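Enquirer: My structure file entry_7.txt, compact mmCIF, C-alpha atoms and all ligand atoms, is below:
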```
# COMPACT_ATOMS: atom_id res chain seq x y z
CA MET S 1433 0.00 0.00 0.00
CA LYS S 1434 2.98 2.30 0.52
CA GLY S 1435 3.30 4.93 -2.17
CA LEU S 1436 -0.41 5.07 -3.03
CA THR S 1437 -2.20 8.42 -2.87
CA SER S 1438 -5.30 8.62 -0.67
CA VAL S 1439 -8.64 9.61 -2.16
CA SER S 1440 -8.82 12.56 0.23
CA GLU S 1441 -5.45 13.80 -1.11
CA VAL S 1442 -6.76 13.50 -4.66
CA VAL S 1443 -9.78 15.67 -3.81
CA ALA S 1444 -7.65 18.25 -1.96
CA GLY S 1445 -5.09 18.33 -4.78
CA MET S 1446 -7.83 18.81 -7.34
CA HIS S 1447 -8.94 22.07 -5.70
CA CYS S 1448 -5.57 23.53 -4.73
CA ALA S 1449 -2.22 21.78 -4.57
CA VAL S 1450 -0.95 24.42 -2.13
CA ARG S 1451 -3.66 23.42 0.31
CA LEU S 1452 -2.70 19.77 -0.02
CA TYR S 1453 0.93 20.79 0.61
CA LEU S 1454 0.00 22.79 3.72
CA ASP S 1455 -2.34 20.04 4.99
CA ARG S 1456 0.23 17.28 4.81
CA ASP S 1457 1.81 17.87 8.23
CA LEU S 1458 -1.45 18.55 10.06
CA PRO S 1459 -2.83 15.79 12.33
CA ALA S 1460 -5.80 14.08 10.73
CA ALA S 1461 -8.72 15.39 12.79
CA GLU S 1462 -12.26 14.15 12.23
CA SER S 1463 -14.95 16.81 12.51
CA PRO S 1464 -17.70 16.19 15.11
CA ARG S 1465 -20.20 16.69 12.33
CA TYR S 1466 -18.68 13.80 10.40
CA THR S 1467 -18.58 11.61 13.52
CA VAL S 1468 -22.33 12.12 13.95
CA ALA S 1469 -23.15 11.49 10.29
CA LYS S 1470 -20.95 8.42 10.11
CA GLN S 1471 -22.47 6.79 13.20
CA ILE S 1472 -26.02 7.42 11.98
CA SER S 1473 -25.07 5.98 8.61
CA TYR S 1474 -24.17 2.64 10.22
CA HIS S 1475 -27.80 2.30 11.32
CA LEU S 1476 -29.56 3.28 8.08
CA GLY S 1477 -31.89 0.53 6.94
CA GLU S 1478 -33.02 -0.24 10.50
CA THR S 1479 -35.19 1.64 13.00
CA LEU S 1480 -33.13 4.63 14.10
CA ASP S 1481 -32.84 4.65 17.90
CA SER S 1482 -31.75 8.21 18.59
CA ASP S 1483 -30.56 7.68 22.21
CA ARG S 1484 -28.61 4.53 21.35
CA ILE S 1485 -26.86 6.15 18.40
CA TRP S 1486 -26.00 9.25 20.47
CA ASP S 1487 -24.50 6.93 23.14
CA GLU S 1488 -22.32 5.39 20.43
CA ILE S 1489 -21.26 8.85 19.24
CA THR S 1490 -20.19 9.90 22.74
CA THR S 1491 -18.22 6.67 23.00
CA VAL S 1492 -16.46 7.32 19.70
CA LEU S 1493 -15.87 11.01 20.48
CA PRO S 1494 -16.12 11.47 24.29
CA LEU S 1495 -15.41 15.21 24.16
CA ILE S 1496 -18.09 16.01 21.61
CA GLU S 1497 -20.04 19.15 22.48
CA PRO S 1498 -23.47 18.26 23.92
CA ALA S 1499 -24.88 20.90 21.57
CA MET S 1500 -24.09 18.56 18.66
CA ARG S 1501 -27.08 16.52 19.85
CA VAL S 1502 -29.26 19.08 18.05
CA PHE S 1503 -27.49 18.33 14.76
CA HIS S 1504 -27.74 14.61 15.51
CA ASP S 1505 -31.48 14.79 16.13
CA SER S 1506 -31.96 16.81 12.97
CA CYS S 1507 -30.06 14.18 10.94
CA ILE S 1508 -32.12 11.37 12.49
CA GLY S 1509 -35.32 13.20 11.58
CA ALA S 1510 -34.16 13.71 7.99
CA CYS S 1511 -33.05 10.10 7.55
CA GLN S 1512 -36.22 8.57 8.94
CA VAL S 1513 -38.39 9.61 6.04
CA ARG S 1514 -37.02 7.23 3.42
CA GLU S 1515 -35.84 3.65 3.04
CA TRP S 1516 -32.12 2.92 2.81
CA PRO S 1517 -30.26 0.03 1.21
CA VAL S 1518 -28.47 -2.22 3.70
CA PRO S 1519 -24.78 -2.88 3.04
CA VAL S 1520 -23.13 -6.27 3.19
CA GLU S 1521 -19.98 -4.66 4.59
CA THR S 1522 -18.81 -1.27 5.84
CA ASP S 1523 -15.44 0.52 5.89
CA VAL S 1524 -13.62 -1.55 3.30
CA MET S 1525 -10.10 -0.52 2.23
CA VAL S 1526 -9.90 -0.50 -1.56
CA GLU S 1527 -7.22 0.55 -4.00
CA SER S 1528 -6.38 0.98 -7.65
CA GLY S 1529 -2.89 -0.01 -8.67
CA VAL S 1530 -3.61 1.41 -12.12
CA LEU S 1531 -4.28 4.91 -10.75
CA GLY S 1532 -2.05 4.59 -7.69
CA ILE S 1533 -4.79 5.54 -5.24
CA ARG S 1534 -6.48 3.98 -2.24
CA GLY S 1535 -9.18 4.76 0.30
CA MET S 1536 -11.73 3.44 2.75
CA VAL S 1537 -15.12 3.07 1.07
CA ASP S 1538 -18.00 3.49 3.51
CA LYS S 1539 -20.40 0.80 2.27
CA ILE S 1540 -20.45 -2.17 -0.08
CA PHE S 1541 -23.75 -3.61 -1.39
CA ASP S 1542 -24.55 -6.90 -3.07
CA GLN S 1543 -26.18 -5.18 -6.05
CA ALA S 1544 -25.65 -2.10 -8.19
CA PRO S 1545 -24.40 0.46 -7.60
CA TYR S 1546 -22.37 -1.70 -5.17
CA PHE S 1547 -20.87 1.06 -3.04
CA ALA S 1548 -21.69 4.24 -1.12
CA ILE S 1549 -19.82 7.11 0.44
CA THR S 1550 -21.12 9.00 3.48
CA ARG S 1551 -21.05 12.80 3.66
CA SER S 1552 -21.83 15.13 6.56
CA SER S 1553 -22.79 18.05 4.33
CA ASP S 1554 -26.27 19.06 3.24
CA ALA S 1555 -27.20 17.76 -0.19
CA PRO S 1556 -27.02 20.20 -3.11
CA ALA S 1557 -30.31 21.07 -4.79
CA ASN S 1558 -29.60 18.50 -7.50
CA GLY S 1559 -27.00 15.83 -8.11
CA ALA S 1560 -23.74 15.96 -6.20
CA TYR S 1561 -20.96 18.41 -5.41
CA MET S 1562 -17.94 18.32 -7.72
CA SER S 1563 -15.66 17.05 -4.94
CA ASP S 1564 -18.10 14.20 -4.24
CA ARG S 1565 -18.29 13.34 -7.93
CA VAL S 1566 -14.51 13.02 -7.93
CA ARG S 1567 -14.66 10.86 -4.79
CA ILE S 1568 -17.12 8.60 -6.60
CA ALA S 1569 -14.82 8.45 -9.65
CA CYS S 1570 -11.91 7.44 -7.40
CA PHE S 1571 -13.85 4.81 -5.48
CA ALA S 1572 -15.47 3.44 -8.64
CA ALA S 1573 -11.98 2.61 -9.92
CA CYS S 1574 -10.80 1.28 -6.55
CA VAL S 1575 -13.87 -0.88 -5.86
CA HIS S 1576 -13.81 -2.27 -9.39
CA GLU S 1577 -10.15 -3.20 -9.14
CA THR S 1578 -10.16 -4.52 -5.58
CA LEU S 1579 -13.46 -6.39 -5.54
CA ASP S 1580 -13.81 -7.13 -9.26
CA LEU S 1581 -17.30 -5.61 -9.40
CA PRO S 1582 -18.85 -4.04 -12.53
CA ILE S 1583 -19.03 -0.45 -11.28
CA GLU S 1584 -20.86 2.22 -13.27
CA SER S 1585 -21.93 4.51 -10.44
CA GLY S 1586 -21.98 4.97 -6.69
CA TYR S 1587 -24.31 6.24 -3.96
CA ILE S 1588 -23.68 9.39 -1.97
CA GLU S 1589 -25.41 9.58 1.42
CA TYR S 1590 -25.98 13.23 2.42
CA ILE S 1591 -26.93 12.47 6.01
CA PRO S 1592 -28.08 15.96 7.20
CA SER S 1593 -30.56 16.06 4.31
CA GLY S 1594 -31.56 12.40 4.51
CA ALA S 1595 -30.72 12.18 0.80
CA LEU S 1596 -29.32 9.30 -1.20
CA ARG S 1597 -27.99 10.36 -4.59
CA THR S 1598 -26.76 8.09 -7.36
CA CYS S 1599 -23.70 9.50 -9.11
CA VAL S 1600 -22.44 8.32 -12.51
CA PRO S 1601 -18.88 9.65 -12.97
CA GLN S 1602 -18.44 11.68 -16.15
CA PRO S 1603 -15.26 12.38 -18.15
CA ARG S 1604 -14.90 15.81 -16.49
CA ASP S 1605 -14.96 14.12 -13.08
CA ARG S 1606 -12.24 11.70 -14.15
CA ARG S 1607 -10.19 14.56 -15.61
CA ALA S 1608 -10.39 16.33 -12.24
CA MET S 1609 -9.44 13.05 -10.56
CA VAL S 1610 -6.34 12.70 -12.76
CA ARG S 1611 -5.43 16.33 -12.04
CA GLY S 1612 -5.69 15.68 -8.30
CA ILE S 1613 -3.65 12.48 -8.52
CA ARG S 1614 -0.88 14.25 -10.43
CA ALA S 1615 -0.83 17.16 -7.98
CA ALA S 1616 -0.52 14.77 -5.04
CA GLN S 1617 2.18 12.72 -6.72
CA ARG S 1618 4.25 15.82 -7.50
CA ILE S 1619 4.08 16.85 -3.84
CA HIS S 1620 5.07 13.34 -2.75
CA ALA S 1621 8.05 13.68 -5.09
CA GLY S 1622 9.15 16.85 -3.25
CA GLU S 1623 7.80 19.53 -5.57
CA ILE S 1624 6.54 22.76 -4.01
CA PRO S 1625 3.23 23.59 -5.70
CA LYS S 1626 2.05 26.93 -7.06
CA ARG S 1627 -1.27 28.55 -6.41
CA PRO S 1628 -3.81 27.74 -9.14
CA LEU S 1629 -5.41 30.72 -10.86
CA MET S 1630 -8.86 29.86 -9.54
CA ALA S 1631 -7.91 28.63 -6.05
CA PRO S 1632 -10.93 28.47 -3.72
CA CYS S 1633 -9.28 30.69 -1.10
CA GLU S 1634 -12.53 32.07 0.35
CA SER S 1635 -13.51 28.66 1.74
CA CYS S 1636 -9.98 27.55 2.69
CA PRO S 1637 -8.88 27.15 6.33
CA HIS S 1638 -5.41 28.39 5.32
CA GLU S 1639 -6.80 31.66 3.97
CA ASP S 1640 -5.13 33.85 6.61
CA GLY S 1641 -1.73 32.21 6.68
CA CYS S 1642 -1.21 31.15 3.08
CA ALA S 1643 1.73 32.93 1.45
CA SER S 1644 0.58 31.80 -1.99
CA ARG S 1645 -2.70 33.62 -1.55
CA LYS S 1646 -0.95 36.81 -0.45
CA GLY S 1647 1.85 36.57 -2.99
CA LYS S 1648 -0.08 36.24 -6.25
CA ARG S 1649 3.15 36.96 -8.13
CA LEU S 1650 2.90 37.50 -11.83
CA SER S 1651 5.24 34.56 -12.37
CA ASP S 1652 2.62 32.38 -10.66
CA LEU S 1653 0.03 33.52 -13.15
CA MET S 1654 2.07 32.84 -16.28
S1 LIG Q 1 -5.56 30.05 0.73
FE1 LIG Q 1 -5.94 29.69 -1.47
S2 LIG Q 1 -3.92 29.30 -2.39
FE2 LIG Q 1 -3.72 29.07 -0.17
S3 LIG Q 1 -4.01 26.89 0.22
FE3 LIG Q 1 -6.00 27.85 0.45
S4 LIG Q 1 -7.00 27.69 -1.53
FE4 LIG Q 1 -4.81 27.30 -1.84
```
So that I can check it, write out the structure of this file as C-alpha cells.
Expert:
Amino acid sequence: MKGLTSVSEVVAGMHCAVRLYLDRDLPAAESPRYTVAKQISYHLGETLDSDRIWDEITTVLPLIEPAMRVFHDSCIGACQVREWPVPVETDVMVESGVLGIRGMVDKIFDQAPYFAITRSSDAPANGAYMSDRVRIACFAACVHETLDLPIESGYIEYIPSGALRTCVPQPRDRRAMVRGIRAAQRIHAGEIPKRPLMAPCESCPHEDGCASRKGKRLSDLM
C-alpha cells in the first residue's frame, strides 16, 4: 500500500495543490459533524434509535459538544423519512494499482451500484458536489479493481438532508481526478506547488496564513 495516494489527497489536490501541501503535516482530525453522520449511517436501513446512536457517538468522540445533539437529532429526523439500502460490509479498504490511489469506502452492497460514500454536508439542490463526484470516480476505480465488481456509479449519502444520490462519474470528473492524482504525486516527489489561478481561497482554512494567496506573483500567473 505504501506509495499510493489517498482519495482525500486526490480531492484536496484537485482544488488547490498548495492546500494539499499545507495540509500534509497537520494531524488528521475528524470533525464532530462527520462523527455524527458516520455513526447514523451505520444504522440506516433499521429503525433509528436516537438515544442509542448518540450513546455510540459519545463513545467514539467522548469530548463532543453536547450541543451537537441538536445536529444529531436533525439528521435522524431527515433520515427517517425514506428507506435505505443495507450494506453487506462497511469501511472496506480498496485501492487501484492502475491509478495509484487507495481509500476506505464506507459501504459495499450486493447489487448495483455496489458502493456508497457517506457525507456530513447538506445535499445540493440537485446531483452531487464536484468534490463528491470526484470521490465517486476514485472509489469506482478502486472498488472495481479490488473487488472485481462491474461499477458504473456509486451512492452518496448526504446524512443531514436524509438524501441518497446516485452518481455516474463523467469524463470531467475523471479529468479532475487525474489532475488531483498528479498534484498529489508531485508533492510526494518533493515539488513545491504553485497557487492555481482559480484557487478556492474564500472557503480555505489556510486563507489567513497562506503565502501563496498573499503573494499572487505575476510569475505564478504565467
Ligand atoms: S488560501 Fe488559497 S492558495 Fe492558499 S491553500 Fe488555500 S486555496 Fe490554496
Enquirer: How would you write, as a ChimeraX atom specification, the set of residues no farther than 9 Å from ligand LIG 1 (chain Q) when counting all atoms listed in the file?
Expert: /S:1447-1455,1626-1646,1648
Enquirer: Show me, as number ranges by chain, the residues that have an atom within 9 Å of Lys1470 in chain S when counting all atoms listed in the file, minus same-chain residues fewer than 6 positions from it.
Expert: S: 1538, 1550-1552, 1591
Enquirer: Could you take the residues named above and write them with C-alpha atoms, as a compact mmCIF listing (two decimals), in the coordinates of the input?
Expert:
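Printed below is result-v1.txt as written:
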```txt
# COMPACT_ATOMS: atom_id res chain seq x y z
CA ASP S 1538 -18.00 3.49 3.51
CA THR S 1550 -21.12 9.00 3.48
CA ARG S 1551 -21.05 12.80 3.66
CA SER S 1552 -21.83 15.13 6.56
CA ILE S 1591 -26.93 12.47 6.01
```
Enquirer: Under the rule that only C-alpha atoms are counted, which of S:Arg1614, S:His1620, S:Arg1604, S:Lys1539 is the nearest residue to Val1526 in chain S?
Expert: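 With only C-alpha atoms as the atom set, the closest residue is S:Lys1539.
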Enquirer: Take CA of Val1502 in chain S and CA of Val1468 in chain S and report the distance between them in Å, one decimal.
Expert: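 Between these atoms lies a distance of 10.6 Å.
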Enquirer: Counting all atoms listed in the file, which of S:Val1537, S:Val1439, S:Ala1461, S:Ala1469 gets nearest to Val1575 in chain S?
Expert: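 Looking only at the distances to Val1575 in chain S, the closest residue turns out to be S:Val1537.
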Enquirer: For CA of Pro1519 in chain S and CA of Ile1613 in chain S, quote the distance in Å rounded to one decimal.
Expert: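 We find that CA of Pro1519 in chain S and CA of Ile1613 in chain S lie 28.6 Å from each other.
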Enquirer: Looking at only C-alpha atoms, which of S:Glu1589, S:Ala1621, S:Ile1485, S:Thr1467 is the one that sits closest to Glu1497 in chain S?
Expert: S:Thr1467
Enquirer: Mind giving me the straight-line distance from CA of Ile1568 in chain S to CA of Ile1533 in chain S in Å, one decimal?
Expert: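 Between these atoms lies a distance of 12.8 Å.
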Enquirer: Can you pull out every residue within 10 Å of Arg1567 in chain S, counting only C-alpha atoms, but drop anything in the same chain fewer than 6 positions away, and send it as a list in words?
Expert: Val1439, Ser1440, Val1442, Val1443, Gly1535, Val1537, Ile1549, Tyr1561, Gly1586, Ile1588, Pro1601, Asp1605, Arg1606 and Met1609 of chain S
Enquirer: Name the residues in contact with Val1520 in chain S at a cut-off of 7 Å, using all atoms listed in the file, excluding same-chain residues fewer than 4 positions from it; report them as a list of chain:residue names.
Expert: S:Ile1540, S:Phe1541, S:Asp1542
Enquirer: Of the candidates S:His1504, S:Arg1611, S:Arg1618, S:His1576, which one gets nearest to Arg1484 in chain S if we count only C-alpha atoms?
Expert: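 Residue with the minimum atom-to-atom distance to Arg1484 in chain S: S:His1504.
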